[in-house]
2 protein chains.
Amino acid sequence: MIRRVLQGAAGLGRHRVLAGAHPILPRLHPASAFGSSTDTLVSRFCLEKTDLKDYALPNASWCPDMLSMYQEFLEKSKDSGWVKVPSFKSNRDHIKGLKFPFEIPASSDKSDWRIFPRCIPEEGLGYEYVIFFHPSTKKSVCLFQPGPYLEGAPGFAHGGSLATMIDETFSKIAYLAGEGLLTLSLNIKFKSLIPVGSLAVLNVDVEKIEDQKMYLSCITQSRDQKTVYAKSSAVFLQLQLEEESSQ
Amino acid sequence: MIRRVLQGAAGLGRHRVLAGAHPILPRLHPASAFGSSTDTLVSRFCLEKTDLKDYALPNASWCPDMLSMYQEFLEKSKDSGWVKVPSFKSNRDHIKGLKFPFEIPASSDKSDWRIFPRCIPEEGLGYEYVIFFHPSTKKSVCLFQPGPYLEGAPGFAHGGSLATMIDETFSKIAYLAGEGLLTLSLNIKFKSLIPVGSLAVLNVDVEKIEDQKMYLSCITQSRDQKTVYAKSSAVFLQLQLEEESSQ
């Protein structure tokens with residue numbers, strides 16, 4: 001989701017560069033320590049009460065597998081420590097009150113921004129997905145049902161749509177699990193095609209955190225685990241978002 | 001774009017498996033030789049006359065960089081061997097008369113399928129892109145302008161939208177350059193964020209073809225090449241599409 005912006009190589013010399021990482025963005029304020037607990041991040045990010053529309057809710061397009069697995073995890077959220085991650089129209093909503101460590105490009109007259117996996121508002125035609133997160137183990141599950149506007153080969157989800165779903169799940173979990181913000185790399189091995197309209201389950205793990213880098217892995221498979229759709233991994237850079245001033 | 005479908009491990013034993021590759025799809029007919037020349041593939045794929053709408057044409061949303069680089073390559077298509085690759089609404093249109101080497105899932109009542117990078121029809125809000133291909137060198141250039149519905153971090157393209165653009169360009173070029181159909185792996189190293197509404201240029205090379213595998217690489221950068229957005233690579237499996245019977 002969130003990656004580094006370099007505003008021209010000429011500008012980089014003036015700014016701090018993290019050891020072991022690529023040259024880093026202008027106006028960067030990397031935290032010297034990552035003090036925010038997972039619980040704090042979760043409670044900030046997964047608002048229980050908000051006027052914002054949550055797109056990660058069941059609708060008539062969900063297939064029976066998606067619905068029943070959603071109910072299963074919703075039950076687990078009552079007594080087993082799982083948390084449903086809300087999904088708003090834009091990351092601008094997710095990070096209200098926080099400031100990105102780089103300059104946001106000047107806005108045009110287009111005020112209608114959408115986070116890419118929510119680019120198609122019609123139910124069932126594009127992305128249907130919901131992410132659950134287990135803070136104490138830092139595990140995550142994303143239920144993903146691709147619609148007919150996500151097609152690649154006839155009848156199957158485009159590889160890019162799965163790459164996007166993996167990237168989006170990684171990025172949300174990287175943030176919640178330890179303020180992972182910037183993807184450094186993403187690797188995907190594709191094993192099988194996902195039929196449009198069916199459920200794919202992404203199981204994400206945080207493998208380790210070292211030198212301000214988070215290593216995540218994901219296996220995407222059918223609900224019965226008999227078909228593996230993809231295996232993937234990513235490295236994220238940890239960066240704290242600043243609190244916005246109240247001016 | 002096009003990946004393998006495995007319809008349950010139990011079914012795989014009945015089907016042919018390519019040496020050195022993962023178990024392969026049911027009803028697979030891998031060609032023993034890849035006889036179709038690049039010119040044949042290009043002339044079949046890049047129709048000069050068709051009633052199908054080509055989405056890879058300039059519109060009012062294109063930024064000046066995108067427009068002028070498009071004109072530049074259009075000139076090169078007159079005398080330097082470059083070919084503009086058309087972009088239809090669905091791969092079903094691209095492969096008319098050809099048959100995929102696996103079963104297409106039963107169609108629902110949804111007749112409106114779209115290839116993922118053309119999922120947003122409104123000009124300028126989603127993907128704007130055009131791919132050019134140079135058959136004799138097997139090089140390719142994709143001009144990509146992400147719109148505000150492709151957002152990740154506020155004001156910037158979602159990493160998944162770039163992953164999709166890379167995957168889509170790879171898959172078209174893999175097919176045109178040597179009947180590469182199935183992505184085995186995709187690796188991306190992200191370097192910088194792409195501002196929404198700006199031009200990113202993807203330069204794709206076919207590195208080598210060995211044992212029915214195609215190795216492709218891509219560097220994505222600003223027009224002036226001063227900012228590298230991403231470096232990526234992929235491996236595709238070569239598979240010939242069958243001619244459909246005329247029954």
# chains A, B, ... in the order shown; residues from 1 in each chain; ligands from 1
>>> interface_residues(of="chain A", to="chain B", cutoff="7 Å", atoms="only C-alpha atoms", output="PyMOL selection string")
chain A and resi 1-6+8-9+91-92+104-105+112-116+119+148-155+158-161+163-164+167+183-193+195+226-227
>>> write_last_selection(atoms="N, CA and C atoms", output="tab-separated table (two decimals), in the first residue's frame")
chain	number	residue	atom	x	y	z
A	1	MET	N	0.83	-1.21	0.00
A	1	MET	CA	0.00	0.00	0.00
A	1	MET	C	0.86	1.26	0.00
A	2	ILE	N	1.75	1.31	0.95
A	2	ILE	CA	2.39	2.59	1.21
A	2	ILE	C	3.88	2.46	0.90
A	3	ARG	N	4.34	3.25	0.00
A	3	ARG	CA	5.72	3.10	-0.41
A	3	ARG	C	6.46	4.42	-0.39
A	4	ARG	N	7.78	4.29	-0.55
A	4	ARG	CA	8.58	5.50	-0.44
A	4	ARG	C	8.44	6.43	-1.62
A	5	VAL	N	8.47	7.66	-1.33
A	5	VAL	CA	8.51	8.63	-2.42
A	5	VAL	C	9.85	9.34	-2.38
A	6	LEU	N	10.49	9.32	-3.50
A	6	LEU	CA	11.74	10.06	-3.63
A	6	LEU	C	11.46	11.19	-4.61
A	8	GLY	N	13.07	13.07	-6.52
A	8	GLY	CA	14.24	13.41	-7.31
A	8	GLY	C	15.50	13.13	-6.53
A	9	ALA	N	16.44	12.50	-7.18
A	9	ALA	CA	17.68	12.12	-6.49
A	9	ALA	C	18.38	13.33	-5.91
A	91	ASN	N	-7.44	5.38	2.41
A	91	ASN	CA	-6.50	5.38	3.54
A	91	ASN	C	-6.50	6.74	4.25
A	92	ARG	N	-6.99	7.76	3.57
A	92	ARG	CA	-7.13	9.06	4.22
A	92	ARG	C	-8.03	8.94	5.46
A	104	ILE	N	2.35	14.94	0.66
A	104	ILE	CA	1.30	14.42	-0.20
A	104	ILE	C	1.17	15.37	-1.40
A	105	PRO	N	1.12	14.80	-2.62
A	105	PRO	CA	1.07	15.67	-3.80
A	105	PRO	C	-0.13	16.62	-3.74
A	112	ASP	N	-12.63	12.74	-5.30
A	112	ASP	CA	-13.09	11.38	-5.08
A	112	ASP	C	-11.93	10.39	-5.18
A	113	TRP	N	-11.31	10.13	-4.04
A	113	TRP	CA	-10.20	9.19	-4.00
A	113	TRP	C	-10.72	7.86	-3.47
A	114	ARG	N	-10.17	6.80	-3.96
A	114	ARG	CA	-10.53	5.49	-3.42
A	114	ARG	C	-9.29	4.63	-3.26
A	115	ILE	N	-9.26	3.89	-2.15
A	115	ILE	CA	-8.19	2.91	-2.03
A	115	ILE	C	-8.43	1.86	-3.12
A	116	PHE	N	-7.37	1.44	-3.78
A	116	PHE	CA	-7.50	0.64	-5.00
A	116	PHE	C	-8.41	-0.59	-4.83
A	119	CYS	N	-12.05	0.15	-5.44
A	119	CYS	CA	-12.27	1.04	-6.58
A	119	CYS	C	-13.61	0.78	-7.27
A	148	PRO	N	-16.26	-10.45	-11.45
A	148	PRO	CA	-15.98	-10.55	-12.90
A	148	PRO	C	-15.24	-9.34	-13.50
A	149	TYR	N	-15.12	-8.25	-12.72
A	149	TYR	CA	-14.32	-7.12	-13.21
A	149	TYR	C	-12.84	-7.28	-12.86
A	150	LEU	N	-12.51	-8.38	-12.22
A	150	LEU	CA	-11.12	-8.63	-11.82
A	150	LEU	C	-10.52	-9.74	-12.67
A	151	GLU	N	-11.07	-9.91	-13.83
A	151	GLU	CA	-10.69	-11.06	-14.65
A	151	GLU	C	-9.31	-10.92	-15.30
A	152	GLY	N	-8.65	-12.07	-15.45
A	152	GLY	CA	-7.43	-12.17	-16.25
A	152	GLY	C	-7.73	-13.15	-17.36
A	153	ALA	N	-7.32	-14.40	-17.19
A	153	ALA	CA	-7.78	-15.46	-18.09
A	153	ALA	C	-9.29	-15.58	-17.93
A	154	PRO	N	-10.00	-15.89	-19.01
A	154	PRO	CA	-11.46	-15.96	-18.93
A	154	PRO	C	-11.95	-16.84	-17.77
A	155	GLY	N	-12.73	-16.23	-16.89
A	155	GLY	CA	-13.31	-16.98	-15.78
A	155	GLY	C	-12.46	-17.02	-14.52
A	158	HIS	N	-7.49	-12.08	-12.29
A	158	HIS	CA	-6.21	-11.58	-12.80
A	158	HIS	C	-5.15	-11.72	-11.70
A	159	GLY	N	-3.94	-12.12	-12.11
A	159	GLY	CA	-2.86	-12.23	-11.13
A	159	GLY	C	-2.64	-10.93	-10.38
A	160	GLY	N	-2.81	-9.82	-11.07
A	160	GLY	CA	-2.63	-8.51	-10.42
A	160	GLY	C	-3.65	-8.28	-9.33
A	161	SER	N	-4.85	-8.83	-9.50
A	161	SER	CA	-5.87	-8.63	-8.46
A	161	SER	C	-5.50	-9.39	-7.20
A	163	ALA	N	-2.29	-10.11	-6.46
A	163	ALA	CA	-1.12	-9.37	-5.95
A	163	ALA	C	-1.57	-8.17	-5.13
A	164	THR	N	-2.61	-7.50	-5.61
A	164	THR	CA	-3.14	-6.33	-4.90
A	164	THR	C	-3.73	-6.74	-3.54
A	167	ASP	N	-0.89	-7.54	-1.23
A	167	ASP	CA	-0.20	-6.31	-0.84
A	167	ASP	C	-1.04	-5.52	0.17
A	183	THR	N	6.50	-0.82	1.77
A	183	THR	CA	6.91	-2.10	1.19
A	183	THR	C	8.25	-1.94	0.49
A	184	LEU	N	9.19	-2.78	0.83
A	184	LEU	CA	10.46	-2.77	0.11
A	184	LEU	C	10.43	-3.78	-1.03
A	185	SER	N	9.81	-4.93	-0.77
A	185	SER	CA	9.75	-5.94	-1.84
A	185	SER	C	8.53	-6.83	-1.67
A	186	LEU	N	8.09	-7.38	-2.78
A	186	LEU	CA	6.94	-8.29	-2.80
A	186	LEU	C	7.25	-9.40	-3.80
A	187	ASN	N	7.16	-10.63	-3.32
A	187	ASN	CA	7.44	-11.80	-4.17
A	187	ASN	C	6.26	-12.75	-4.14
A	188	ILE	N	5.85	-13.19	-5.31
A	188	ILE	CA	4.69	-14.09	-5.38
A	188	ILE	C	5.01	-15.27	-6.29
A	189	LYS	N	4.75	-16.46	-5.80
A	189	LYS	CA	4.81	-17.66	-6.65
A	189	LYS	C	3.38	-18.11	-6.86
A	190	PHE	N	2.95	-18.10	-8.11
A	190	PHE	CA	1.57	-18.48	-8.44
A	190	PHE	C	1.49	-19.99	-8.66
A	191	LYS	N	0.50	-20.58	-8.08
A	191	LYS	CA	0.35	-22.05	-8.16
A	191	LYS	C	-0.90	-22.46	-8.92
A	192	SER	N	-1.98	-21.73	-8.74
A	192	SER	CA	-3.26	-22.11	-9.37
A	192	SER	C	-4.06	-20.84	-9.63
A	193	LEU	N	-4.98	-20.93	-10.54
A	193	LEU	CA	-5.88	-19.81	-10.82
A	193	LEU	C	-7.07	-19.82	-9.86
A	195	PRO	N	-10.91	-19.19	-9.46
A	195	PRO	CA	-12.13	-18.95	-10.25
A	195	PRO	C	-12.87	-17.70	-9.75
A	226	LYS	N	-7.10	-27.58	-0.06
A	226	LYS	CA	-6.64	-28.58	-1.03
A	226	LYS	C	-5.98	-27.92	-2.24
A	227	THR	N	-6.34	-26.68	-2.52
A	227	THR	CA	-5.75	-25.97	-3.65
A	227	THR	C	-4.97	-24.76	-3.15
>>> select_by_dssp(residues="stretch 92-214 of chain A", states="strand (DSSP E or B)", output="MDAnalysis selection string")
chainID A and resid 98:99 115 127:134 139:146 151 156:157 180:190 195 200:210 213:214
>>> residues_around(residues="A:Leu216", least_positions_apart="4", cutoff="8 Å", atoms="only C-alpha atoms", output="list in words")
Phe170, Ala174, Val204, Asp205, Val206, Glu207, Lys208, Ser233, Ala234, Val235 and Phe236 of chain A
>>> atom_distance(atom1="atom CA of B:Tyr215", atom2="atom CA of B:Val42")
19.4 Å
>>> residues_around(residues="A:Thr38", least_positions_apart="6", cutoff="8 Å", atoms="only C-alpha atoms", output="PyMOL selection string")
chain A and resi 135+176-178
>>> write_last_selection(atoms="all heavy atoms", output="JSON list (two decimals), in the first residue's frame")
[["chain", "number", "residue", "atom", "x", "y", "z"],
["A", 135, "PRO", "N", -4.03, -10.00, 17.27],
["A", 135, "PRO", "CA", -2.90, -9.20, 17.75],
["A", 135, "PRO", "C", -1.84, -9.99, 18.54],
["A", 135, "PRO", "O", -0.65, -9.76, 18.36],
["A", 135, "PRO", "CB", -3.57, -8.15, 18.65],
["A", 135, "PRO", "CG", -4.96, -8.03, 18.12],
["A", 135, "PRO", "CD", -5.33, -9.40, 17.66],
["A", 176, "LEU", "N", -0.46, -2.71, 11.69],
["A", 176, "LEU", "CA", -1.05, -3.08, 12.98],
["A", 176, "LEU", "C", -0.07, -3.87, 13.85],
["A", 176, "LEU", "O", -0.08, -3.76, 15.08],
["A", 176, "LEU", "CB", -2.32, -3.91, 12.77],
["A", 176, "LEU", "CG", -3.50, -3.17, 12.15],
["A", 176, "LEU", "CD1", -4.65, -4.14, 11.88],
["A", 176, "LEU", "CD2", -3.97, -2.04, 13.08],
["A", 177, "ALA", "N", 0.77, -4.66, 13.21],
["A", 177, "ALA", "CA", 1.66, -5.54, 13.98],
["A", 177, "ALA", "C", 2.94, -4.83, 14.40],
["A", 177, "ALA", "O", 3.68, -5.36, 15.24],
["A", 177, "ALA", "CB", 2.00, -6.78, 13.16],
["A", 178, "GLY", "N", 3.23, -3.66, 13.84],
["A", 178, "GLY", "CA", 4.48, -3.02, 14.25],
["A", 178, "GLY", "C", 4.84, -1.80, 13.43],
["A", 178, "GLY", "O", 6.02, -1.53, 13.22]]
>>> residues_around(residues="A:Pro86", least_positions_apart="2", cutoff="10 Å", atoms="only C-alpha atoms", output="list in words")
Phe45, Cys46, Leu47, Glu48, Leu52, Lys53, Asp54, Tyr55, Ala56, Leu57, Val83, Lys84, Phe88, His94, Val130, Ile131 and Phe132 of chain A
>>> write_last_selection(atoms="all heavy atoms", output="tab-separated table (two decimals), in the first residue's frame")
chain	number	residue	atom	x	y	z
A	45	PHE	N	-6.91	2.00	14.88
A	45	PHE	CA	-7.20	1.67	13.48
A	45	PHE	C	-8.56	1.00	13.31
A	45	PHE	O	-9.26	1.22	12.32
A	45	PHE	CB	-6.10	0.71	12.98
A	45	PHE	CG	-5.86	0.75	11.51
A	45	PHE	CD1	-5.01	1.70	10.96
A	45	PHE	CD2	-6.46	-0.16	10.67
A	45	PHE	CE1	-4.78	1.73	9.60
A	45	PHE	CE2	-6.23	-0.14	9.30
A	45	PHE	CZ	-5.38	0.81	8.78
A	46	CYS	N	-8.90	0.17	14.25
A	46	CYS	CA	-10.14	-0.62	14.12
A	46	CYS	C	-11.22	0.01	15.00
A	46	CYS	O	-11.62	-0.55	16.02
A	46	CYS	CB	-9.88	-2.08	14.52
A	46	CYS	SG	-8.55	-2.83	13.58
A	47	LEU	N	-11.66	1.15	14.60
A	47	LEU	CA	-12.64	1.92	15.36
A	47	LEU	C	-13.93	1.13	15.52
A	47	LEU	O	-14.45	0.56	14.57
A	47	LEU	CB	-12.95	3.23	14.62
A	47	LEU	CG	-11.75	4.12	14.31
A	47	LEU	CD1	-12.18	5.25	13.36
A	47	LEU	CD2	-11.16	4.69	15.59
A	48	GLU	N	-14.41	1.10	16.76
A	48	GLU	CA	-15.68	0.39	16.96
A	48	GLU	C	-16.86	1.27	16.56
A	48	GLU	O	-17.89	0.79	16.11
A	48	GLU	CB	-15.81	-0.05	18.42
A	48	GLU	CG	-14.81	-1.17	18.72
A	48	GLU	CD	-15.15	-1.93	19.98
A	48	GLU	OE1	-16.20	-1.63	20.58
A	48	GLU	OE2	-14.36	-2.80	20.35
A	52	LEU	N	-17.94	6.42	9.28
A	52	LEU	CA	-17.42	6.00	7.98
A	52	LEU	C	-18.02	4.66	7.56
A	52	LEU	O	-18.22	3.78	8.39
A	52	LEU	CB	-15.89	5.84	8.06
A	52	LEU	CG	-15.11	7.11	8.37
A	52	LEU	CD1	-13.67	6.77	8.76
A	52	LEU	CD2	-15.11	8.03	7.15
A	53	LYS	N	-18.27	4.53	6.29
A	53	LYS	CA	-18.81	3.26	5.80
A	53	LYS	C	-17.73	2.19	5.82
A	53	LYS	O	-16.63	2.40	5.31
A	53	LYS	CB	-19.35	3.42	4.37
A	53	LYS	CG	-19.84	2.09	3.81
A	53	LYS	CD	-20.54	2.18	2.48
A	53	LYS	CE	-20.88	0.75	2.01
A	53	LYS	NZ	-21.59	0.70	0.76
A	54	ASP	N	-18.06	1.06	6.42
A	54	ASP	CA	-17.15	-0.09	6.42
A	54	ASP	C	-17.55	-1.00	5.27
A	54	ASP	O	-18.66	-1.54	5.24
A	54	ASP	CB	-17.26	-0.82	7.77
A	54	ASP	CG	-16.35	-2.03	7.85
A	54	ASP	OD1	-15.57	-2.26	6.90
A	54	ASP	OD2	-16.41	-2.74	8.87
A	55	TYR	N	-16.63	-1.18	4.32
A	55	TYR	CA	-16.93	-2.01	3.14
A	55	TYR	C	-16.72	-3.50	3.40
A	55	TYR	O	-17.07	-4.32	2.55
A	55	TYR	CB	-16.07	-1.57	1.95
A	55	TYR	CG	-16.52	-0.23	1.36
A	55	TYR	CD1	-16.11	0.96	1.92
A	55	TYR	CD2	-17.38	-0.19	0.27
A	55	TYR	CE1	-16.52	2.18	1.40
A	55	TYR	CE2	-17.80	1.01	-0.26
A	55	TYR	CZ	-17.38	2.20	0.32
A	55	TYR	OH	-17.80	3.40	-0.19
A	56	ALA	N	-16.14	-3.83	4.53
A	56	ALA	CA	-15.85	-5.24	4.82
A	56	ALA	C	-17.01	-5.89	5.56
A	56	ALA	O	-16.84	-6.45	6.64
A	56	ALA	CB	-14.56	-5.34	5.63
A	57	LEU	N	-18.18	-5.77	4.98
A	57	LEU	CA	-19.38	-6.36	5.58
A	57	LEU	C	-20.08	-7.23	4.53
A	57	LEU	O	-20.02	-6.93	3.33
A	57	LEU	CB	-20.33	-5.26	6.06
A	57	LEU	CG	-19.85	-4.45	7.27
A	57	LEU	CD1	-20.80	-3.30	7.55
A	57	LEU	CD2	-19.70	-5.33	8.51
A	83	VAL	N	-9.69	-9.81	15.68
A	83	VAL	CA	-10.27	-8.48	15.48
A	83	VAL	C	-10.59	-8.32	13.99
A	83	VAL	O	-9.76	-8.63	13.14
A	83	VAL	CB	-9.26	-7.37	15.88
A	83	VAL	CG1	-9.82	-5.99	15.60
A	83	VAL	CG2	-8.85	-7.52	17.33
A	84	LYS	N	-11.79	-7.85	13.71
A	84	LYS	CA	-12.14	-7.56	12.31
A	84	LYS	C	-11.58	-6.19	11.95
A	84	LYS	O	-11.84	-5.21	12.66
A	84	LYS	CB	-13.66	-7.57	12.13
A	84	LYS	CG	-14.10	-7.24	10.72
A	84	LYS	CD	-15.62	-7.24	10.60
A	84	LYS	CE	-16.07	-6.52	9.34
A	84	LYS	NZ	-15.73	-5.11	9.30
A	88	PHE	N	-12.24	1.18	4.97
A	88	PHE	CA	-12.87	2.43	4.54
A	88	PHE	C	-12.53	2.71	3.08
A	88	PHE	O	-11.71	2.04	2.47
A	88	PHE	CB	-12.43	3.59	5.44
A	88	PHE	CG	-12.69	3.33	6.91
A	88	PHE	CD1	-11.74	3.66	7.87
A	88	PHE	CD2	-13.88	2.73	7.32
A	88	PHE	CE1	-11.97	3.41	9.22
A	88	PHE	CE2	-14.12	2.48	8.67
A	88	PHE	CZ	-13.16	2.82	9.62
A	94	HIS	N	-8.45	6.03	7.19
A	94	HIS	CA	-7.78	5.16	8.16
A	94	HIS	C	-6.76	5.93	9.01
A	94	HIS	O	-6.53	5.59	10.15
A	94	HIS	CB	-7.06	4.02	7.45
A	94	HIS	CG	-7.96	2.89	7.03
A	94	HIS	ND1	-8.51	2.01	7.93
A	94	HIS	CD2	-8.43	2.51	5.82
A	94	HIS	CE1	-9.27	1.13	7.30
A	94	HIS	NE2	-9.25	1.41	6.01
A	130	VAL	N	-12.52	-9.20	3.41
A	130	VAL	CA	-12.51	-8.79	4.80
A	130	VAL	C	-11.26	-9.39	5.46
A	130	VAL	O	-10.88	-10.53	5.19
A	130	VAL	CB	-13.81	-9.22	5.52
A	130	VAL	CG1	-14.07	-10.71	5.35
A	130	VAL	CG2	-13.79	-8.87	7.00
A	131	ILE	N	-10.63	-8.55	6.28
A	131	ILE	CA	-9.38	-8.97	6.94
A	131	ILE	C	-9.64	-9.14	8.44
A	131	ILE	O	-10.25	-8.26	9.07
A	131	ILE	CB	-8.26	-7.92	6.71
A	131	ILE	CG1	-7.95	-7.79	5.21
A	131	ILE	CG2	-7.01	-8.27	7.50
A	131	ILE	CD1	-7.03	-6.61	4.86
A	132	PHE	N	-9.20	-10.24	9.01
A	132	PHE	CA	-9.21	-10.43	10.46
A	132	PHE	C	-7.77	-10.51	10.95
A	132	PHE	O	-6.89	-11.03	10.25
A	132	PHE	CB	-9.95	-11.73	10.83
A	132	PHE	CG	-11.44	-11.65	10.63
A	132	PHE	CD1	-12.01	-12.02	9.42
A	132	PHE	CD2	-12.27	-11.20	11.65
A	132	PHE	CE1	-13.38	-11.94	9.22
A	132	PHE	CE2	-13.65	-11.13	11.45
A	132	PHE	CZ	-14.20	-11.49	10.24
>>> atom_distance(atom1="atom CA of A:Leu74", atom2="atom CA of A:Ser198")
20.0 Å
>>> atom_distance(atom1="atom CA of A:Gln240", atom2="atom CA of A:Gly97")
13.0 Å
>>> select_by_dssp(residues="stretch 72-203 of chain B", states="helix (DSSP H, G or I)", output="PyMOL selection string")
chain B and resi 72-79+91-94+116-118+148-150+159-178
